[in-house]
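Colleague: Got a file for you: start-v9.cif, mmCIF, C-alpha atoms and all ligand atoms.
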```
data_start
#
loop_
_atom_site.group_PDB
_atom_site.id
_atom_site.type_symbol
_atom_site.label_atom_id
_atom_site.label_comp_id
_atom_site.auth_asym_id
_atom_site.auth_seq_id
_atom_site.Cartn_x
_atom_site.Cartn_y
_atom_site.Cartn_z
ATOM 1 C CA MET A 53 125.645 200.301 -102.005
ATOM 2 C CA ASN A 54 126.868 198.882 -98.756
ATOM 3 C CA ASP A 55 124.829 200.973 -96.364
ATOM 4 C CA PRO A 56 121.767 198.941 -95.413
ATOM 5 C CA ARG A 57 119.656 202.091 -95.652
ATOM 6 C CA ASP A 58 120.591 202.315 -99.326
ATOM 7 C CA LEU A 59 119.503 198.709 -99.755
ATOM 8 C CA LEU A 60 116.200 199.473 -98.099
ATOM 9 C CA ARG A 61 115.653 202.552 -100.239
ATOM 10 C CA ALA A 62 116.440 200.527 -103.352
ATOM 11 C CA TYR A 63 114.059 197.820 -102.226
ATOM 12 C CA LEU A 64 111.220 200.264 -101.635
ATOM 13 C CA ARG A 65 111.861 201.949 -104.971
ATOM 14 C CA GLN A 66 111.831 198.599 -106.724
ATOM 15 C CA ARG A 67 108.491 197.680 -105.146
ATOM 16 C CA GLN A 68 106.987 200.951 -106.281
ATOM 17 C CA GLU A 69 108.349 200.465 -109.780
ATOM 18 C CA LEU A 70 106.701 197.072 -109.811
ATOM 19 C CA GLY A 71 103.412 198.873 -109.413
ATOM 20 C CA GLU A 72 102.746 198.038 -105.819
ATOM 21 C CA GLU A 73 100.668 200.946 -104.760
ATOM 22 C CA GLU A 74 99.096 199.253 -101.862
ATOM 23 C CA LEU A 75 100.848 199.292 -98.673
ATOM 24 C CA VAL A 76 104.311 198.171 -99.147
ATOM 25 C CA LEU A 77 104.659 198.026 -95.424
ATOM 26 C CA ASP A 78 101.035 197.575 -94.442
ATOM 27 C CA ARG A 79 100.573 199.503 -91.228
ATOM 28 C CA LEU A 80 104.245 200.189 -90.722
ATOM 29 C CA SER A 81 104.121 203.956 -90.809
ATOM 30 C CA PRO A 82 106.794 206.355 -92.064
ATOM 31 C CA SER A 83 107.733 207.174 -88.483
ATOM 32 C CA GLU A 84 108.219 203.503 -87.677
ATOM 33 C CA LEU A 85 110.236 203.004 -90.802
ATOM 34 C CA HIS A 86 112.257 206.099 -89.992
ATOM 35 C CA ALA A 87 112.895 204.751 -86.500
ATOM 36 C CA LEU A 88 114.002 201.458 -87.923
ATOM 37 C CA LEU A 89 116.380 203.104 -90.323
ATOM 38 C CA SER A 90 117.814 205.815 -88.153
ATOM 39 C CA ASN A 91 117.527 204.707 -84.540
ATOM 40 C CA THR A 92 118.999 201.309 -85.018
ATOM 41 C CA PRO A 93 122.268 200.707 -83.235
ATOM 42 C CA ALA A 94 125.428 201.954 -84.829
ATOM 43 C CA PRO A 95 126.611 198.592 -86.136
ATOM 44 C CA LEU A 96 123.346 198.146 -88.005
ATOM 45 C CA ALA A 97 123.508 201.515 -89.649
ATOM 46 C CA ALA A 98 127.170 201.246 -90.475
ATOM 47 C CA ALA A 99 127.491 197.637 -91.440
ATOM 48 C CA ALA A 100 128.358 196.565 -94.886
ATOM 49 C CA ALA A 101 125.866 194.234 -96.471
ATOM 50 C CA PRO A 102 127.625 192.087 -99.020
ATOM 51 C CA ALA A 103 125.539 190.407 -101.651
ATOM 52 C CA ILE A 104 124.796 186.762 -101.332
ATOM 53 C CA ASP A 105 126.932 184.382 -103.330
ATOM 54 C CA ARG A 106 124.394 182.290 -105.186
ATOM 55 C CA SER A 107 126.992 180.156 -106.882
ATOM 56 C CA ARG A 108 126.965 177.431 -104.343
ATOM 57 C CA PRO A 109 128.001 173.987 -105.511
ATOM 58 C CA ALA A 110 125.219 171.748 -106.762
ATOM 59 C CA ASP A 111 124.115 172.463 -104.870
ATOM 60 C CA ARG A 112 122.763 193.618 -76.949
ATOM 61 C CA ALA A 113 120.133 195.245 -76.234
ATOM 62 C CA PRO A 114 118.659 194.576 -72.787
ATOM 63 C CA ALA A 115 118.664 190.872 -72.215
ATOM 64 C CA ALA A 116 115.406 189.145 -72.973
ATOM 65 C CA PRO A 117 113.525 187.919 -69.961
ATOM 66 C CA PRO A 118 114.022 184.173 -69.889
ATOM 67 C CA MET A 119 110.851 182.295 -70.606
ATOM 68 C CA ASP A 120 111.140 180.362 -67.421
ATOM 69 C CA ARG A 121 110.946 183.604 -65.458
ATOM 70 C CA VAL A 122 107.771 184.744 -67.123
ATOM 71 C CA SER A 123 104.603 183.598 -65.452
ATOM 72 C CA GLU A 124 101.826 182.033 -67.421
ATOM 73 C CA HIS A 125 99.722 184.769 -65.902
ATOM 74 C CA ALA A 126 101.985 187.578 -67.056
ATOM 75 C CA PRO A 127 100.540 190.122 -69.499
ATOM 76 C CA ALA A 128 100.203 188.802 -73.019
ATOM 77 C CA VAL A 129 102.848 191.155 -74.384
ATOM 78 C CA GLU A 130 105.405 189.998 -71.837
ATOM 79 C CA ARG A 131 104.566 186.374 -72.473
ATOM 80 C CA ALA A 132 104.727 186.835 -76.193
ATOM 81 C CA SER A 133 108.011 188.668 -76.011
ATOM 82 C CA ALA A 134 109.457 185.846 -74.005
ATOM 83 C CA GLY A 135 108.297 183.376 -76.579
ATOM 84 C CA LEU A 136 105.543 181.808 -74.496
ATOM 85 C CA GLU A 137 102.692 182.987 -76.630
ATOM 86 C CA ARG A 138 101.935 183.553 -80.255
ATOM 87 C CA VAL A 139 102.943 187.106 -80.893
ATOM 88 C CA ASP A 140 100.595 188.005 -83.688
ATOM 89 C CA ALA A 141 97.481 187.667 -81.597
ATOM 90 C CA ALA A 142 97.278 191.370 -80.758
ATOM 91 C CA PRO A 143 99.188 193.522 -83.227
ATOM 92 C CA PRO A 144 100.290 196.885 -81.893
ATOM 93 C CA PRO A 145 98.319 199.830 -83.225
ATOM 94 C CA PRO A 146 99.747 201.931 -86.064
ATOM 95 C CA PHE A 147 101.275 205.262 -85.219
ATOM 96 C CA PRO A 148 98.477 207.834 -85.246
ATOM 97 C CA GLY A 149 98.227 210.749 -87.585
ATOM 98 C CA GLU A 150 100.466 209.598 -90.383
ATOM 99 C CA PRO A 151 99.680 208.139 -93.781
ATOM 100 C CA GLU A 152 100.607 204.554 -94.251
ATOM 101 C CA THR A 153 103.667 203.684 -96.236
ATOM 102 C CA HIS A 154 102.914 201.701 -99.323
ATOM 103 C CA VAL A 155 105.225 198.768 -99.314
ATOM 104 C CA ARG A 156 104.068 195.190 -99.512
ATOM 105 C CA ALA A 157 106.115 192.377 -98.149
ATOM 106 C CA GLY A 158 105.346 188.770 -98.746
ATOM 107 C CA ALA A 159 104.838 189.495 -102.419
ATOM 108 C CA PRO A 160 105.489 186.670 -104.854
ATOM 109 C CA VAL A 161 109.144 185.864 -104.944
ATOM 110 C CA PRO A 162 110.832 186.312 -108.313
ATOM 111 C CA GLY A 163 112.508 183.176 -109.528
ATOM 112 C CA THR A 164 110.182 180.808 -107.758
ATOM 113 C CA THR A 165 107.140 178.908 -108.833
ATOM 114 C CA ASP A 166 105.223 179.679 -105.691
ATOM 115 C CA ALA A 167 101.824 181.237 -106.046
ATOM 116 C CA PRO A 168 99.178 181.781 -103.408
ATOM 117 C CA PRO A 169 97.426 178.448 -103.024
ATOM 118 C CA SER A 170 93.708 178.037 -103.332
ATOM 119 C CA PRO A 171 91.916 176.670 -100.296
ATOM 120 C CA ARG A 172 91.452 172.931 -100.499
ATOM 121 C CA ALA A 173 89.447 170.391 -98.650
ATOM 122 C CA PRO A 174 91.534 167.820 -96.800
ATOM 123 C CA ALA A 175 92.610 165.044 -99.149
ATOM 124 C CA ALA A 176 93.868 161.542 -98.584
ATOM 125 C CA TYR A 177 96.271 160.780 -95.757
ATOM 126 C CA VAL A 178 99.897 160.530 -96.887
ATOM 127 C CA SER A 179 102.374 158.856 -94.558
ATOM 128 C CA ALA A 180 105.573 160.403 -93.281
ATOM 129 C CA GLU A 181 107.521 157.774 -95.214
ATOM 130 C CA GLU A 182 105.846 158.764 -98.458
ATOM 131 C CA ILE A 183 106.469 162.462 -97.764
ATOM 132 C CA SER A 184 110.130 161.748 -97.051
ATOM 133 C CA SER A 185 110.536 160.098 -100.453
ATOM 134 C CA LEU A 186 108.986 162.867 -102.551
ATOM 135 C CA PRO A 187 111.700 164.073 -104.909
ATOM 136 C CA VAL A 188 110.827 167.732 -105.414
ATOM 137 C CA LEU A 189 109.348 170.541 -103.328
ATOM 138 C CA ALA A 190 106.431 170.996 -105.692
ATOM 139 C CA GLN A 191 105.222 167.494 -104.902
ATOM 140 C CA VAL A 192 105.648 167.977 -101.160
ATOM 141 C CA ARG A 193 103.715 171.208 -101.410
ATOM 142 C CA GLU A 194 100.965 169.569 -103.433
ATOM 143 C CA ILE A 195 100.505 166.917 -100.763
ATOM 144 C CA ALA A 196 100.624 169.489 -97.952
ATOM 145 C CA LEU A 197 97.937 171.668 -99.539
ATOM 146 C CA GLY A 198 95.414 168.888 -98.941
ATOM 147 C CA CYS A 199 96.956 167.557 -95.750
ATOM 148 C CA PRO A 200 94.614 165.942 -93.201
ATOM 149 C CA ARG A 201 97.364 164.745 -90.860
ATOM 150 C CA CYS A 202 96.164 166.730 -87.808
ATOM 151 C CA GLY A 203 93.093 168.510 -86.535
ATOM 152 C CA LEU A 204 94.206 171.908 -87.848
ATOM 153 C CA ALA A 205 93.027 170.729 -91.249
ATOM 154 C CA ASN A 206 89.488 171.356 -90.003
ATOM 155 C CA THR A 207 89.995 174.997 -89.032
ATOM 156 C CA ARG A 208 92.523 176.414 -91.496
ATOM 157 C CA LYS A 209 91.642 178.622 -94.425
ATOM 158 C CA HIS A 210 94.895 177.957 -96.282
ATOM 159 C CA VAL A 211 97.844 175.685 -95.827
ATOM 160 C CA VAL A 212 100.905 177.921 -95.649
ATOM 161 C CA PHE A 213 103.531 175.609 -97.033
ATOM 162 C CA GLY A 214 106.377 178.038 -97.564
ATOM 163 C CA GLU A 215 107.940 179.907 -100.441
ATOM 164 C CA GLY A 216 111.181 181.258 -101.770
ATOM 165 C CA ARG A 217 114.252 180.209 -103.629
ATOM 166 C CA GLU A 218 114.296 176.447 -103.755
ATOM 167 C CA THR A 219 118.088 176.326 -103.765
ATOM 168 C CA ALA A 220 118.470 178.984 -101.084
ATOM 169 C CA ASP A 221 121.522 179.077 -98.881
ATOM 170 C CA VAL A 222 119.382 180.476 -96.079
ATOM 171 C CA MET A 223 116.193 178.920 -94.745
ATOM 172 C CA VAL A 224 113.974 180.993 -92.454
ATOM 173 C CA VAL A 225 111.797 178.936 -90.119
ATOM 174 C CA GLY A 226 109.041 180.486 -88.021
ATOM 175 C CA GLU A 227 106.391 178.995 -85.795
ATOM 176 C CA ALA A 228 103.023 178.758 -87.524
ATOM 177 C CA PRO A 229 100.753 180.858 -89.709
ATOM 178 C CA GLY A 230 98.895 183.702 -88.076
ATOM 179 C CA GLN A 231 95.660 185.255 -89.208
ATOM 180 C CA GLU A 232 97.130 187.121 -92.180
ATOM 181 C CA GLU A 233 99.100 184.117 -93.322
ATOM 182 C CA ASP A 234 96.072 181.842 -92.983
ATOM 183 C CA ARG A 235 94.081 184.290 -95.068
ATOM 184 C CA SER A 236 96.703 184.742 -97.790
ATOM 185 C CA GLY A 237 98.413 181.349 -97.856
ATOM 186 C CA ARG A 238 101.823 183.034 -97.609
ATOM 187 C CA PRO A 239 104.337 182.965 -94.761
ATOM 188 C CA PHE A 240 105.471 186.066 -92.874
ATOM 189 C CA VAL A 241 103.081 188.695 -94.193
ATOM 190 C CA GLY A 242 101.708 191.535 -92.106
ATOM 191 C CA ARG A 243 103.787 193.729 -89.834
ATOM 192 C CA ALA A 244 106.107 190.995 -88.634
ATOM 193 C CA GLY A 245 106.763 189.992 -92.224
ATOM 194 C CA LYS A 246 107.635 193.565 -93.165
ATOM 195 C CA LEU A 247 110.071 193.799 -90.311
ATOM 196 C CA LEU A 248 111.549 190.450 -91.267
ATOM 197 C CA ASP A 249 112.150 191.776 -94.785
ATOM 198 C CA LEU A 250 113.872 194.869 -93.411
ATOM 199 C CA LEU A 251 116.016 192.854 -91.036
ATOM 200 C CA LEU A 252 117.050 190.489 -93.787
ATOM 201 C CA LEU A 253 117.842 193.367 -96.126
ATOM 202 C CA SER A 254 119.894 195.189 -93.520
ATOM 203 C CA SER A 255 122.032 192.085 -93.214
ATOM 204 C CA GLY A 256 122.549 191.611 -96.924
ATOM 205 C CA PHE A 257 119.822 189.031 -97.424
ATOM 206 C CA SER A 258 116.614 189.601 -99.245
ATOM 207 C CA ARG A 259 113.347 187.751 -99.420
ATOM 208 C CA ASP A 260 114.293 186.736 -102.934
ATOM 209 C CA ASP A 261 117.365 184.945 -101.656
ATOM 210 C CA VAL A 262 115.891 182.863 -98.866
ATOM 211 C CA TYR A 263 113.387 180.079 -98.422
ATOM 212 C CA ILE A 264 110.723 180.836 -95.789
ATOM 213 C CA CYS A 265 108.470 178.418 -93.981
ATOM 214 C CA ASN A 266 107.065 177.549 -90.572
ATOM 215 C CA VAL A 267 107.161 174.539 -88.304
ATOM 216 C CA LEU A 268 103.387 174.197 -88.641
ATOM 217 C CA LYS A 269 101.767 174.730 -92.006
ATOM 218 C CA CYS A 270 98.272 175.471 -90.656
ATOM 219 C CA ARG A 271 97.116 178.136 -88.222
ATOM 220 C CA PRO A 272 96.233 177.044 -84.706
ATOM 221 C CA PRO A 273 92.846 178.537 -83.761
ATOM 222 C CA GLN A 274 93.098 181.876 -81.960
ATOM 223 C CA ASN A 275 96.854 181.657 -82.486
ATOM 224 C CA ARG A 276 97.215 179.289 -79.562
ATOM 225 C CA ASN A 277 100.490 177.491 -79.113
ATOM 226 C CA PRO A 278 101.037 174.484 -81.377
ATOM 227 C CA GLN A 279 100.361 171.166 -79.679
ATOM 228 C CA PRO A 280 102.940 168.357 -79.610
ATOM 229 C CA ASP A 281 100.780 166.041 -81.721
ATOM 230 C CA GLU A 282 100.416 168.769 -84.344
ATOM 231 C CA VAL A 283 104.149 169.297 -84.453
ATOM 232 C CA ASP A 284 104.726 165.555 -84.797
ATOM 233 C CA ALA A 285 102.173 165.314 -87.594
ATOM 234 C CA CYS A 286 103.613 168.273 -89.502
ATOM 235 C CA SER A 287 107.319 167.651 -89.011
ATOM 236 C CA PRO A 288 107.725 165.402 -92.095
ATOM 237 C CA TYR A 289 107.016 168.428 -94.284
ATOM 238 C CA LEU A 290 109.631 170.624 -92.635
ATOM 239 C CA LEU A 291 112.181 167.844 -92.647
ATOM 240 C CA ARG A 292 111.652 167.226 -96.343
ATOM 241 C CA GLN A 293 111.845 170.964 -97.038
ATOM 242 C CA VAL A 294 115.240 171.089 -95.324
ATOM 243 C CA GLU A 295 116.421 167.998 -97.183
ATOM 244 C CA LEU A 296 115.386 169.349 -100.575
ATOM 245 C CA VAL A 297 116.410 172.988 -100.176
ATOM 246 C CA GLN A 298 119.710 171.967 -98.574
ATOM 247 C CA PRO A 299 120.333 175.332 -96.901
ATOM 248 C CA ARG A 300 123.746 176.210 -95.617
ATOM 249 C CA VAL A 301 122.230 177.898 -92.603
ATOM 250 C CA ILE A 302 118.830 177.863 -90.916
ATOM 251 C CA LEU A 303 117.479 180.961 -89.179
ATOM 252 C CA ALA A 304 115.010 179.915 -86.490
ATOM 253 C CA PHE A 305 112.802 182.890 -85.598
ATOM 254 C CA GLY A 306 111.176 182.677 -82.180
ATOM 255 C CA ALA A 307 111.319 180.347 -79.233
ATOM 256 C CA PHE A 308 108.979 177.778 -80.656
ATOM 257 C CA ALA A 309 110.862 177.265 -83.915
ATOM 258 C CA ALA A 310 114.224 177.123 -82.181
ATOM 259 C CA GLN A 311 113.056 174.787 -79.437
ATOM 260 C CA THR A 312 111.248 172.502 -81.838
ATOM 261 C CA LEU A 313 114.127 172.187 -84.252
ATOM 262 C CA LEU A 314 116.691 171.743 -81.501
ATOM 263 C CA GLY A 315 114.527 169.454 -79.370
ATOM 264 C CA THR A 316 115.010 171.506 -76.231
ATOM 265 C CA ASP A 317 113.054 173.648 -73.812
ATOM 266 C CA ILE A 318 115.921 176.058 -73.225
ATOM 267 C CA THR A 319 114.726 179.649 -73.492
ATOM 268 C CA ILE A 320 115.289 181.598 -76.687
ATOM 269 C CA GLY A 321 117.208 184.163 -74.636
ATOM 270 C CA LYS A 322 119.748 181.465 -73.836
ATOM 271 C CA LEU A 323 119.686 179.725 -77.212
ATOM 272 C CA ARG A 324 120.379 182.844 -79.257
ATOM 273 C CA GLY A 325 123.893 184.162 -79.508
ATOM 274 C CA LYS A 326 125.273 180.784 -80.558
ATOM 275 C CA THR A 327 125.236 178.633 -83.649
ATOM 276 C CA HIS A 328 123.586 175.247 -83.197
ATOM 277 C CA LYS A 329 122.989 172.348 -85.570
ATOM 278 C CA TYR A 330 119.825 170.816 -87.002
ATOM 279 C CA ARG A 331 120.546 167.540 -88.733
ATOM 280 C CA GLY A 332 124.014 168.768 -89.522
ATOM 281 C CA VAL A 333 122.894 172.188 -90.791
ATOM 282 C CA PRO A 334 124.088 175.237 -88.828
ATOM 283 C CA LEU A 335 121.106 176.787 -87.073
ATOM 284 C CA VAL A 336 121.036 180.347 -85.739
ATOM 285 C CA PRO A 337 118.179 181.031 -83.308
ATOM 286 C CA THR A 338 116.878 184.529 -82.783
ATOM 287 C CA TYR A 339 113.837 186.495 -81.641
ATOM 288 C CA HIS A 340 110.678 186.502 -83.702
ATOM 289 C CA PRO A 341 110.126 189.746 -85.634
ATOM 290 C CA ALA A 342 106.713 190.133 -83.994
ATOM 291 C CA ALA A 343 108.414 190.163 -80.602
ATOM 292 C CA CYS A 344 110.732 192.877 -81.906
ATOM 293 C CA LEU A 345 107.704 195.010 -82.786
ATOM 294 C CA ARG A 346 106.925 195.070 -79.078
ATOM 295 C CA HIS A 347 110.532 195.229 -77.926
ATOM 296 C CA PRO A 348 112.377 197.364 -80.515
ATOM 297 C CA ALA A 349 115.615 196.994 -78.547
ATOM 298 C CA TRP A 350 115.645 193.348 -79.558
ATOM 299 C CA VAL A 351 116.159 194.368 -83.178
ATOM 300 C CA ARG A 352 119.824 194.765 -82.388
ATOM 301 C CA SER A 353 120.020 191.208 -81.064
ATOM 302 C CA VAL A 354 118.331 189.900 -84.190
ATOM 303 C CA TRP A 355 120.688 191.883 -86.354
ATOM 304 C CA GLU A 356 123.660 190.441 -84.465
ATOM 305 C CA ASP A 357 122.264 186.954 -84.984
ATOM 306 C CA LEU A 358 121.867 187.631 -88.680
ATOM 307 C CA GLN A 359 125.494 188.693 -88.796
ATOM 308 C CA ARG A 360 126.355 185.349 -87.236
ATOM 309 C CA ALA A 361 124.429 183.631 -89.989
ATOM 310 C CA ARG A 362 126.278 185.754 -92.514
ATOM 311 C CA ASP A 363 129.597 184.636 -90.994
ATOM 312 C CA VAL A 364 128.505 180.999 -91.149
ATOM 313 C CA LEU A 365 127.695 181.406 -94.825
ATOM 314 C CA ASP A 366 130.936 183.171 -95.595
ATOM 315 C CA ALA A 367 132.909 180.449 -93.855
ATOM 316 C CA ALA A 368 131.119 177.645 -95.674
HETATM 317 S S1 LIG A 401 99.428 171.563 -89.510
HETATM 318 FE FE1 LIG A 401 100.670 170.227 -90.844
HETATM 319 S S2 LIG A 401 100.051 168.135 -90.284
HETATM 320 FE FE2 LIG A 401 98.434 169.509 -89.517
HETATM 321 S S3 LIG A 401 96.937 169.542 -91.182
HETATM 322 FE FE3 LIG A 401 98.319 171.309 -91.485
HETATM 323 S S4 LIG A 401 99.879 170.552 -92.911
HETATM 324 FE FE4 LIG A 401 98.841 168.750 -92.069
#
```
Can the structure in the file be given as structure tokens, please?
Modeller:
Amino acid sequence: MNDPRDLLRAYLRQRQELGEEELVLDRLSPSELHALLSNTPAPLAAAAAPAIDRSRPADRAPAAPPMDRVSEHAPAVERASAGLERVDAAPPPPFPGEPETHVRAGAPVPGTTDAPPSPRAPAAYVSAEEISSLPVLAQVREIALGCPRCGLANTRKHVVFGEGRETADVMVVGEAPGQEEDRSGRPFVGRAGKLLDLLLLSSGFSRDDVYICNVLKCRPPQNRNPQPDEVDACSPYLLRQVELVQPRVILAFGAFAAQTLLGTDITIGKLRGKTHKYRGVPLVPTYHPAACLRHPAWVRSVWEDLQRARDVLDAA
């Protein structure tokens, strides 16, 4: 079963067999799914997708417009696509006249202890030093769920800590929770999450194999860009997640995640296409799935970046 379309079909079948009768793909319609599966570039449709080796020791589509060429006053879609603006603020409408496909992404991940958190009032302040000494992810998560370290604690519904395989070889890092994530307490749900799942699957990864989190654990109001003080306050959590998961490769989705992790303001269009390092861990930057929903041609670039991540893993 090397054709990624077979993997996708198997994935959808599995979700149905698990009794998921609600939208497996939310508002991703059959025509969108069909387009994803059949209109993707030849390498995507033809590529082999080897299974992930979990036995680790103890662990070009049209070029993206550079962010610096996109005016602050450009249309929201253009700004979002260039990574200047949160891309989940205005989801594109579903295709008209077709029933919705019932596939749910962001479902609980088998083999993990993650469950949707209950909303909590901010608890006591815990220092970065204390967070950095917590020995297991469950404890870091427990502290984060009541975190009062920045002002977003006053506006969030849920802390979206992250979820997935705690010994994953691949860590996916996005920007911050959007509305759906804030509501559910889970990262990468909604349309962008569904596309992320498909992109991962088409490259031989699956949601069950990766650990997924964001730079910020709480949603900025109206999906505004994260502020530097918020990033500073939240960074101890991400750092400890990386230290404890010990991924072999980090996939940074979107300009904000890539720029934050790499400490640069270089545009995502220039960062992607290469392998970088975050604290010694290979880091592959790529476009955010939500940007791909608006610029389908970028799917190919993301897929190429995922192949780079695959190569990094295979060489490790
Ligand atoms: S964004 Fe991070 S630092 Fe701010 S309150 Fe949420 S968990 Fe704490």
Colleague: Pick from A:Ala196, A:Val211, A:Ala368, A:Val354: nearest to Gly321 in chain A, with all atoms listed in the file counted?
Modeller: A:Val354
Colleague: Between CA of His340 in chain A and CA of Glu233 in chain A, what is the distance in Å, rounded to a tenth?
Modeller: 15.2 Å
Colleague: So how many Å separate CA of Val225 in chain A and CA of Val301 in chain A, to one decimal?
Modeller: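 Rounded to one decimal, the two atoms are 10.8 Å apart.
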Colleague: Kindly assemble as JSON lines a list of the chain A residues that lie within 9 Å of ligand LIG 401 (chain A), each paired with its nearest atom pair and their distance in Å to one decimal, using all atoms listed in the file, sorted first by chain and then by ascending residue number.
Modeller:
```
{"residue": "A:Pro174", "atom": "CA", "partner": "A:LIG401", "partner_atom": "S3", "distance": 8.0}
{"residue": "A:Ile195", "atom": "CA", "partner": "A:LIG401", "partner_atom": "S4", "distance": 8.7}
{"residue": "A:Ala196", "atom": "CA", "partner": "A:LIG401", "partner_atom": "S4", "distance": 5.2}
{"residue": "A:Leu197", "atom": "CA", "partner": "A:LIG401", "partner_atom": "S4", "distance": 7.0}
{"residue": "A:Gly198", "atom": "CA", "partner": "A:LIG401", "partner_atom": "FE4", "distance": 7.7}
{"residue": "A:Cys199", "atom": "CA", "partner": "A:LIG401", "partner_atom": "FE4", "distance": 4.3}
{"residue": "A:Pro200", "atom": "CA", "partner": "A:LIG401", "partner_atom": "S3", "distance": 4.7}
{"residue": "A:Arg201", "atom": "CA", "partner": "A:LIG401", "partner_atom": "S2", "distance": 4.4}
{"residue": "A:Cys202", "atom": "CA", "partner": "A:LIG401", "partner_atom": "FE2", "distance": 4.0}
{"residue": "A:Gly203", "atom": "CA", "partner": "A:LIG401", "partner_atom": "S3", "distance": 6.1}
{"residue": "A:Leu204", "atom": "CA", "partner": "A:LIG401", "partner_atom": "S3", "distance": 4.9}
{"residue": "A:Ala205", "atom": "CA", "partner": "A:LIG401", "partner_atom": "S3", "distance": 4.1}
{"residue": "A:Asn206", "atom": "CA", "partner": "A:LIG401", "partner_atom": "S3", "distance": 7.8}
{"residue": "A:Arg208", "atom": "CA", "partner": "A:LIG401", "partner_atom": "FE3", "distance": 7.7}
{"residue": "A:His210", "atom": "CA", "partner": "A:LIG401", "partner_atom": "FE3", "distance": 8.9}
{"residue": "A:Val211", "atom": "CA", "partner": "A:LIG401", "partner_atom": "FE3", "distance": 6.2}
{"residue": "A:Val212", "atom": "CA", "partner": "A:LIG401", "partner_atom": "S4", "distance": 7.9}
{"residue": "A:Phe213", "atom": "CA", "partner": "A:LIG401", "partner_atom": "S4", "distance": 7.5}
{"residue": "A:Ala228", "atom": "CA", "partner": "A:LIG401", "partner_atom": "S1", "distance": 8.3}
{"residue": "A:Val267", "atom": "CA", "partner": "A:LIG401", "partner_atom": "FE1", "distance": 8.2}
{"residue": "A:Leu268", "atom": "CA", "partner": "A:LIG401", "partner_atom": "S1", "distance": 4.8}
{"residue": "A:Lys269", "atom": "CA", "partner": "A:LIG401", "partner_atom": "S1", "distance": 4.7}
{"residue": "A:Cys270", "atom": "CA", "partner": "A:LIG401", "partner_atom": "S1", "distance": 4.2}
{"residue": "A:Arg271", "atom": "CA", "partner": "A:LIG401", "partner_atom": "S1", "distance": 7.1}
{"residue": "A:Pro272", "atom": "CA", "partner": "A:LIG401", "partner_atom": "S1", "distance": 8.0}
{"residue": "A:Pro278", "atom": "CA", "partner": "A:LIG401", "partner_atom": "S1", "distance": 8.8}
{"residue": "A:Asp281", "atom": "CA", "partner": "A:LIG401", "partner_atom": "S2", "distance": 8.8}
{"residue": "A:Glu282", "atom": "CA", "partner": "A:LIG401", "partner_atom": "FE2", "distance": 5.6}
{"residue": "A:Val283", "atom": "CA", "partner": "A:LIG401", "partner_atom": "S2", "distance": 7.2}
{"residue": "A:Asp284", "atom": "CA", "partner": "A:LIG401", "partner_atom": "S2", "distance": 7.7}
{"residue": "A:Ala285", "atom": "CA", "partner": "A:LIG401", "partner_atom": "S2", "distance": 4.4}
{"residue": "A:Cys286", "atom": "CA", "partner": "A:LIG401", "partner_atom": "S2", "distance": 3.6}
{"residue": "A:Ser287", "atom": "CA", "partner": "A:LIG401", "partner_atom": "FE1", "distance": 7.4}
{"residue": "A:Pro288", "atom": "CA", "partner": "A:LIG401", "partner_atom": "S2", "distance": 8.3}
{"residue": "A:Tyr289", "atom": "CA", "partner": "A:LIG401", "partner_atom": "FE1", "distance": 7.4}
```
Colleague: To one decimal in Å, tell me the separation between CA of Thr319 in chain A and CA of Gly306 in chain A.
Modeller: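 One can read the CA of Thr319 in chain A to CA of Gly306 in chain A distance as 9.9 Å.
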Colleague: Counting all atoms listed in the file, figure out which residue out of A:Asn266, A:Thr207, A:Thr312, A:Gln191 gets nearest to Pro229 in chain A.
Modeller: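 Comparing A:Asn266, A:Thr207, A:Thr312, A:Gln191 against Pro229 in chain A, the winner is A:Asn266.
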Colleague: Could you check the closest approach to Arg238 in chain A for each of A:Gly325, A:Gly214, A:Gly226, A:Pro348 and tell me which residue wins, using all atoms listed in the file?
Modeller: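 Using all atoms listed in the file, Arg238 in chain A sits closest to A:Gly214.
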Colleague: Mind completing range 285-292 of chain A with N, CA and C atoms? Output as a compact mmCIF listing (two decimals), in the frame of the given file, please?
Modeller:
```txt
# COMPACT_ATOMS: atom_id res chain seq x y z
N ALA A 285 102.84 165.60 -86.33
CA ALA A 285 102.17 165.31 -87.59
C ALA A 285 102.76 166.13 -88.73
N CYS A 286 103.17 167.36 -88.44
CA CYS A 286 103.61 168.27 -89.50
C CYS A 286 105.11 168.18 -89.79
N SER A 287 105.86 167.62 -88.87
CA SER A 287 107.32 167.65 -89.01
C SER A 287 107.85 166.99 -90.28
N PRO A 288 107.19 165.96 -90.85
CA PRO A 288 107.72 165.40 -92.10
C PRO A 288 107.85 166.43 -93.22
N TYR A 289 106.94 167.40 -93.23
CA TYR A 289 107.02 168.43 -94.28
C TYR A 289 108.26 169.29 -94.11
N LEU A 290 108.47 169.76 -92.88
CA LEU A 290 109.63 170.62 -92.64
C LEU A 290 110.94 169.87 -92.90
N LEU A 291 110.97 168.63 -92.43
CA LEU A 291 112.18 167.84 -92.65
C LEU A 291 112.47 167.69 -94.14
N ARG A 292 111.42 167.40 -94.90
CA ARG A 292 111.65 167.23 -96.34
C ARG A 292 112.03 168.56 -97.00
```
